[in-house]
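upload_17.cif (mmCIF, C-alpha atoms and all ligand atoms)
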```cif
data_query
loop_
_atom_site.group_PDB
_atom_site.id
_atom_site.type_symbol
_atom_site.label_atom_id
_atom_site.label_comp_id
_atom_site.auth_asym_id
_atom_site.auth_seq_id
_atom_site.Cartn_x
_atom_site.Cartn_y
_atom_site.Cartn_z
ATOM 1 C CA MET E 1169 179.900 166.399 78.347
ATOM 2 C CA GLN E 1170 180.866 167.771 74.933
ATOM 3 C CA ARG E 1171 177.898 169.359 73.173
ATOM 4 C CA ASP E 1172 177.516 170.025 69.494
ATOM 5 C CA ILE E 1173 178.084 173.692 68.521
ATOM 6 C CA PHE E 1174 174.785 173.904 66.617
ATOM 7 C CA GLU E 1175 172.962 172.624 69.689
ATOM 8 C CA ILE E 1176 174.660 175.332 71.813
ATOM 9 C CA ILE E 1177 173.716 178.011 69.275
ATOM 10 C CA LYS E 1178 170.099 176.838 69.077
ATOM 11 C CA THR E 1179 169.516 176.619 72.822
ATOM 12 C CA ARG E 1180 171.213 179.889 73.903
ATOM 13 C CA ARG E 1181 168.794 182.507 75.217
ATOM 14 C CA SER E 1182 169.162 185.810 76.990
ATOM 15 C CA ILE E 1183 168.995 185.136 80.722
ATOM 16 C CA ARG E 1184 168.094 188.047 82.987
ATOM 17 C CA ARG E 1185 167.318 186.211 86.248
ATOM 18 C CA TYR E 1186 170.139 184.517 88.104
ATOM 19 C CA LYS E 1187 170.637 182.254 91.097
ATOM 20 C CA LYS E 1188 172.553 183.884 93.956
ATOM 21 C CA GLU E 1189 175.462 181.425 93.630
ATOM 22 C CA ILE E 1190 178.608 183.116 92.324
ATOM 23 C CA PRO E 1191 180.086 181.239 89.340
ATOM 24 C CA ASP E 1192 183.523 179.765 89.875
ATOM 25 C CA GLU E 1193 186.416 181.912 88.637
ATOM 26 C CA ARG E 1194 187.402 179.124 86.176
ATOM 27 C CA LEU E 1195 184.056 179.388 84.382
ATOM 28 C CA ILE E 1196 184.419 183.145 84.007
ATOM 29 C CA LYS E 1197 187.980 182.674 82.738
ATOM 30 C CA ARG E 1198 186.728 180.210 80.101
ATOM 31 C CA CYS E 1199 184.123 182.736 78.884
ATOM 32 C CA ILE E 1200 186.749 185.459 78.494
ATOM 33 C CA GLU E 1201 189.158 183.060 76.801
ATOM 34 C CA ALA E 1202 186.439 182.055 74.322
ATOM 35 C CA ALA E 1203 185.747 185.736 73.576
ATOM 36 C CA CYS E 1204 189.411 186.274 72.751
ATOM 37 C CA TYR E 1205 189.185 183.749 69.883
ATOM 38 C CA ALA E 1206 186.736 186.003 68.007
ATOM 39 C CA PRO E 1207 187.557 187.171 64.481
ATOM 40 C CA SER E 1208 188.502 190.847 64.194
ATOM 41 C CA SER E 1209 189.414 193.306 61.500
ATOM 42 C CA LYS E 1210 193.105 192.850 60.598
ATOM 43 C CA ASP E 1211 193.268 190.548 63.628
ATOM 44 C CA SER E 1212 193.391 193.704 65.738
ATOM 45 C CA GLN E 1213 191.758 192.070 68.798
ATOM 46 C CA PRO E 1214 190.758 195.477 70.234
ATOM 47 C CA TRP E 1215 188.702 194.029 73.113
ATOM 48 C CA SER E 1216 189.272 194.175 76.851
ATOM 49 C CA PHE E 1217 186.938 193.294 79.681
ATOM 50 C CA VAL E 1218 186.187 194.501 83.172
ATOM 51 C CA LEU E 1219 185.003 191.860 85.640
ATOM 52 C CA VAL E 1220 182.603 193.443 88.085
ATOM 53 C CA LYS E 1221 181.900 191.537 91.299
ATOM 54 C CA ASP E 1222 181.352 194.451 93.666
ATOM 55 C CA ILE E 1223 177.637 194.584 94.539
ATOM 56 C CA GLU E 1224 177.545 198.369 94.803
ATOM 57 C CA LYS E 1225 179.175 198.790 91.392
ATOM 58 C CA ILE E 1226 176.774 196.263 89.854
ATOM 59 C CA LYS E 1227 173.909 198.297 91.325
ATOM 60 C CA GLU E 1228 175.298 201.413 89.634
ATOM 61 C CA LEU E 1229 175.638 199.560 86.309
ATOM 62 C CA SER E 1230 171.980 198.555 86.543
ATOM 63 C CA LYS E 1231 171.206 202.281 86.108
ATOM 64 C CA THR E 1232 173.091 202.574 82.778
ATOM 65 C CA GLN E 1233 169.877 202.798 80.727
ATOM 66 C CA PRO E 1234 166.172 201.900 81.153
ATOM 67 C CA TYR E 1235 166.713 198.251 80.156
ATOM 68 C CA SER E 1236 169.657 197.676 82.491
ATOM 69 C CA ARG E 1237 167.578 196.943 85.593
ATOM 70 C CA PHE E 1238 168.020 193.172 85.268
ATOM 71 C CA LEU E 1239 171.738 193.566 86.065
ATOM 72 C CA GLU E 1240 170.863 194.392 89.659
ATOM 73 C CA ASN E 1241 170.572 190.695 90.523
ATOM 74 C CA ALA E 1242 173.506 189.435 88.476
ATOM 75 C CA PRO E 1243 176.258 187.896 90.609
ATOM 76 C CA ILE E 1244 178.784 189.083 88.045
ATOM 77 C CA VAL E 1245 178.829 191.617 85.226
ATOM 78 C CA ILE E 1246 181.435 191.579 82.489
ATOM 79 C CA VAL E 1247 181.847 194.890 80.720
ATOM 80 C CA ALA E 1248 183.042 194.591 77.119
ATOM 81 C CA LEU E 1249 185.368 197.349 75.942
ATOM 82 C CA ALA E 1250 186.991 198.183 72.609
ATOM 83 C CA ASP E 1251 190.163 200.208 72.072
ATOM 84 C CA GLU E 1252 189.107 202.447 69.188
ATOM 85 C CA ASN E 1253 192.737 203.192 68.277
ATOM 86 C CA LYS E 1254 193.355 199.537 67.469
ATOM 87 C CA SER E 1255 190.675 198.948 64.855
ATOM 88 C CA THR E 1256 188.353 200.863 62.539
ATOM 89 C CA HIS E 1257 185.878 198.063 63.133
ATOM 90 C CA TRP E 1258 186.084 198.092 66.923
ATOM 91 C CA LEU E 1259 182.324 197.790 67.281
ATOM 92 C CA GLU E 1260 181.957 194.700 65.104
ATOM 93 C CA ASP E 1261 185.127 193.158 66.550
ATOM 94 C CA CYS E 1262 183.909 193.561 70.093
ATOM 95 C CA SER E 1263 180.418 192.373 69.202
ATOM 96 C CA CYS E 1264 181.882 189.136 67.806
ATOM 97 C CA ALA E 1265 183.837 188.653 71.042
ATOM 98 C CA THR E 1266 180.742 189.301 73.160
ATOM 99 C CA MET E 1267 178.746 186.761 71.181
ATOM 100 C CA LEU E 1268 181.409 184.081 71.702
ATOM 101 C CA LEU E 1269 181.460 184.918 75.400
ATOM 102 C CA LEU E 1270 177.696 184.411 75.623
ATOM 103 C CA LEU E 1271 177.847 181.123 73.715
ATOM 104 C CA GLU E 1272 180.639 179.759 75.899
ATOM 105 C CA ALA E 1273 178.734 180.856 79.013
ATOM 106 C CA HIS E 1274 175.707 178.911 77.815
ATOM 107 C CA SER E 1275 177.786 175.834 76.996
ATOM 108 C CA LEU E 1276 179.103 175.890 80.584
ATOM 109 C CA GLY E 1277 175.610 176.039 82.077
ATOM 110 C CA LEU E 1278 175.700 179.766 82.762
ATOM 111 C CA GLY E 1279 173.179 182.289 81.513
ATOM 112 C CA GLY E 1280 173.965 185.751 80.241
ATOM 113 C CA CYS E 1281 172.421 188.762 78.613
ATOM 114 C CA TRP E 1282 173.827 191.620 76.557
ATOM 115 C CA ASN E 1283 172.976 195.040 77.916
ATOM 116 C CA ALA E 1284 173.646 197.748 75.355
ATOM 117 C CA VAL E 1285 175.967 200.523 76.482
ATOM 118 C CA TYR E 1286 177.203 201.751 73.105
ATOM 119 C CA LEU E 1287 174.477 203.743 71.374
ATOM 120 C CA PRO E 1288 175.121 205.668 68.119
ATOM 121 C CA GLY E 1289 174.839 209.448 68.490
ATOM 122 C CA THR E 1290 175.324 209.703 72.243
ATOM 123 C CA ARG E 1291 177.956 208.841 74.825
ATOM 124 C CA GLU E 1292 175.669 209.286 77.812
ATOM 125 C CA ARG E 1293 175.514 205.577 78.686
ATOM 126 C CA GLU E 1294 179.220 205.069 78.113
ATOM 127 C CA ASP E 1295 179.991 208.052 80.341
ATOM 128 C CA HIS E 1296 177.910 206.532 83.128
ATOM 129 C CA VAL E 1297 179.772 203.182 82.984
ATOM 130 C CA ARG E 1298 183.119 204.980 82.553
ATOM 131 C CA ARG E 1299 182.472 206.986 85.724
ATOM 132 C CA VAL E 1300 181.330 203.980 87.751
ATOM 133 C CA LEU E 1301 184.320 201.805 86.790
ATOM 134 C CA GLY E 1302 187.008 204.394 86.086
ATOM 135 C CA ILE E 1303 187.577 203.288 82.487
ATOM 136 C CA PRO E 1304 190.232 205.216 80.495
ATOM 137 C CA LYS E 1305 188.935 207.308 77.588
ATOM 138 C CA ASP E 1306 190.674 205.311 74.813
ATOM 139 C CA TYR E 1307 188.193 202.519 75.427
ATOM 140 C CA ARG E 1308 184.706 202.577 73.978
ATOM 141 C CA ILE E 1309 182.191 200.710 76.087
ATOM 142 C CA ILE E 1310 180.099 198.246 74.130
ATOM 143 C CA ALA E 1311 178.082 196.216 76.597
ATOM 144 C CA ASN E 1312 177.426 195.205 80.175
ATOM 145 C CA ILE E 1313 177.005 191.442 80.205
ATOM 146 C CA GLY E 1314 175.020 190.045 83.120
ATOM 147 C CA LEU E 1315 176.191 186.528 83.999
ATOM 148 C CA GLY E 1316 175.184 183.845 86.478
ATOM 149 C CA PHE E 1317 173.441 180.507 86.853
ATOM 150 C CA PRO E 1318 170.036 180.774 85.160
ATOM 151 C CA ASP E 1319 166.975 181.210 87.339
ATOM 152 C CA GLU E 1320 164.486 181.416 84.478
ATOM 153 C CA LYS E 1321 163.543 179.415 81.426
ATOM 154 C CA PRO E 1322 162.572 181.755 78.587
ATOM 155 C CA LEU E 1323 159.601 180.816 76.407
ATOM 156 C CA SER E 1324 160.557 179.359 73.053
ATOM 157 C CA LYS E 1325 160.913 181.882 70.266
ATOM 158 C CA LYS E 1326 160.400 181.794 66.556
ATOM 159 C CA VAL E 1327 163.444 182.341 64.392
ATOM 160 C CA LYS E 1328 163.595 182.938 60.651
ATOM 161 C CA SER E 1329 163.604 179.718 58.670
ATOM 162 C CA PHE E 1330 166.268 179.140 56.022
ATOM 163 C CA LYS E 1331 163.713 180.137 53.397
ATOM 164 C CA GLU E 1332 162.769 183.365 55.189
ATOM 165 C CA ALA E 1333 166.401 184.301 55.779
ATOM 166 C CA ILE E 1334 167.406 184.108 52.112
ATOM 167 C CA LEU E 1335 166.486 187.315 50.289
ATOM 168 C CA LYS E 1336 167.563 185.811 46.998
ATOM 169 C CA VAL E 1337 169.853 183.291 45.405
ATOM 170 C CA VAL E 1338 171.657 184.658 42.371
HETATM 171 C C1 LIG L 1401 173.089 194.630 70.555
HETATM 172 C C2 LIG L 1401 172.174 194.055 71.604
HETATM 173 C C3 LIG L 1401 171.714 194.878 72.603
HETATM 174 C C4 LIG L 1401 170.873 194.376 73.594
HETATM 175 N N1 LIG L 1401 170.505 195.195 74.629
HETATM 176 C C5 LIG L 1401 169.733 194.696 75.620
HETATM 177 C C6 LIG L 1401 169.402 195.519 76.738
HETATM 178 O O1 LIG L 1401 169.823 196.665 76.832
HETATM 179 N N2 LIG L 1401 168.622 194.995 77.712
HETATM 180 C C7 LIG L 1401 168.145 193.715 77.642
HETATM 181 O O2 LIG L 1401 167.435 193.289 78.555
HETATM 182 N N3 LIG L 1401 168.448 192.905 76.595
HETATM 183 C C8 LIG L 1401 169.234 193.361 75.598
HETATM 184 N N4 LIG L 1401 169.611 192.549 74.555
HETATM 185 C C9 LIG L 1401 169.102 191.160 74.489
HETATM 186 C C10 LIG L 1401 167.974 191.049 73.466
HETATM 187 O O3 LIG L 1401 166.815 191.636 74.003
HETATM 188 C C11 LIG L 1401 167.755 189.564 73.109
HETATM 189 O O4 LIG L 1401 168.918 189.061 72.503
HETATM 190 C C12 LIG L 1401 166.577 189.380 72.169
HETATM 191 O O5 LIG L 1401 165.368 189.711 72.797
HETATM 192 C C13 LIG L 1401 166.469 187.941 71.637
HETATM 193 O O6 LIG L 1401 166.343 187.036 72.692
HETATM 194 P P1 LIG L 1401 167.382 185.841 72.910
HETATM 195 O O7 LIG L 1401 168.747 186.448 73.184
HETATM 196 O O8 LIG L 1401 166.864 185.071 74.083
HETATM 197 O O9 LIG L 1401 167.444 185.026 71.657
HETATM 198 C C14 LIG L 1401 170.463 193.015 73.556
HETATM 199 C C15 LIG L 1401 170.933 192.197 72.531
HETATM 200 C C16 LIG L 1401 171.789 192.696 71.583
HETATM 201 C C17 LIG L 1401 172.339 191.772 70.508
#
```
Show how you would write the structure in this file as structure tokens.
Amino acid sequence: MQRDIFEIIKTRRSIRRYKKEIPDERLIKRCIEAACYAPSSKDSQPWSFVLVKDIEKIKELSKTQPYSRFLENAPIVIVALADENKSTHWLEDCSCATMLLLLEAHSLGLGGCWNAVYLPGTREREDHVRRVLGIPKDYRIIANIGLGFPDEKPLSKKVKSFKEAILKVV
């Protein structure tokens, strides 16, 4: 069933609890393909992804930082990388791609959550993920994305209204 993009945007939530069932490879492929349509500075497309299915490696990723614990039960983790030689705006570029990935995941009935690896001023978290997955040093590591079929229904949240979001109209 085709769903309206605004409906997908409005109903997406961060999902941190997942059913044990491993999502079909085709669904994961669709999420990555969606990510690759993201806008990027000078169309540099500096992103790459690591698909992590190995349970032991996922366990190690769940120790990236204090708020990574939820990854432990994810059937799959996608790690979003950015080649910093390809774009001055690698962080924004890769963030756009990650957002599209999460939206596509939601539209396919999957649930996902961004887990911050990149942190300004330190490379400690990146070094951890780099070590666990053997990622070459040209790649910055933006996020671990936990993915699976949702096993939770987050409470509704309040978002800024149009009026609250507009600082001024000039
Ligand atoms: C840049 C960024 C970093 C985030 N890092 C984490 C994280 O490390 N751990 C986590 O559980 N959630 C993380 N999140 C998810 C946010 O907590 C979540 O998006 C926020 O609470 C709003 O909830 P919603 O996604 O359901 O709308 C991150 C989200 C973003 C955009």
* Best match for closeness to ligand LIG 1401 (chain L) among E:Leu1301, E:Leu1219, E:Val1245, E:Ile1177, counting only C-alpha atoms and all ligand atoms -> E:Ile1177
* Atom pair CA of Asp1172 (chain E) / CA of Gly1277 (chain E): separation (Å) -> 14.1 Å
* **Contacts to ligand LIG 1401 (chain L) at 8 Å cut-off (all atoms listed in the file) as a ChimeraX atom specification** => /E:1180-1184,1233-1238,1263,1281-1285,1311,1322,1325
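As for CA of Arg1308 (chain E) and CA of Ala1250 (chain E), they are spaced 5.1 Å apart.
Distance check against Glu1294 (chain E) using only C-alpha atoms: of E:Leu1249, E:Glu1240, E:Leu1278, E:Ser1324, the minimum falls on E:Leu1249.
Residue nearest Val1220 (chain E), chosen from E:Gly1314, E:Tyr1205, E:Asp1251, E:Thr1256 and counting all atoms listed in the file: E:Gly1314.
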Please report, as JSON, the centre and edge lengths in Å to one decimal of an axis-aligned box covering all listed atoms of region 1227-1245 of chain E with 5 Å per side.
```
{"center_x": 172.5, "center_y": 195.3, "center_z": 85.7, "size_x": 22.7, "size_y": 24.9, "size_z": 21.2}
```
* Would you kindly return, as a PyMOL selection string, each protein, DNA or RNA residue with an atom no farther than 9 Å from any atom of region 1192-1201 of chain E, considering only C-alpha atoms and excluding same-chain residues fewer than 4 positions away? => chain E and resi 1205+1217+1219+1265-1266+1268-1273+1276+1278+1315
* Non-local contacts of Tyr1286 (chain E) (12 Å; only C-alpha atoms; under 5 positions in same chain excluded) as a PyMOL selection string -> chain E and resi 1232-1233+1247-1250+1258-1260+1262-1263+1291-1298+1307-1312
* Asked: For Asp1222 (chain E), which residue out of E:Val1300, E:Ile1244, E:Ala1206, E:Val1338 is the nearest one, using only C-alpha atoms?
  -> E:Ile1244
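Remark: for Asn1241 (chain E), the closest of the candidate residues E:Phe1174, E:Phe1330, E:Tyr1186, E:Phe1317 is E:Tyr1186 (distances computed over only C-alpha atoms).
CA of Ala1242 (chain E) sits 7.9 Å away from CA of Lys1188 (chain E).
Proximity to Arg1299 (chain E) was assessed for E:Leu1287, E:Ile1173, E:Leu1229, E:Ile1246 counting all atoms listed in the file; the smallest distance is recorded for E:Leu1229.
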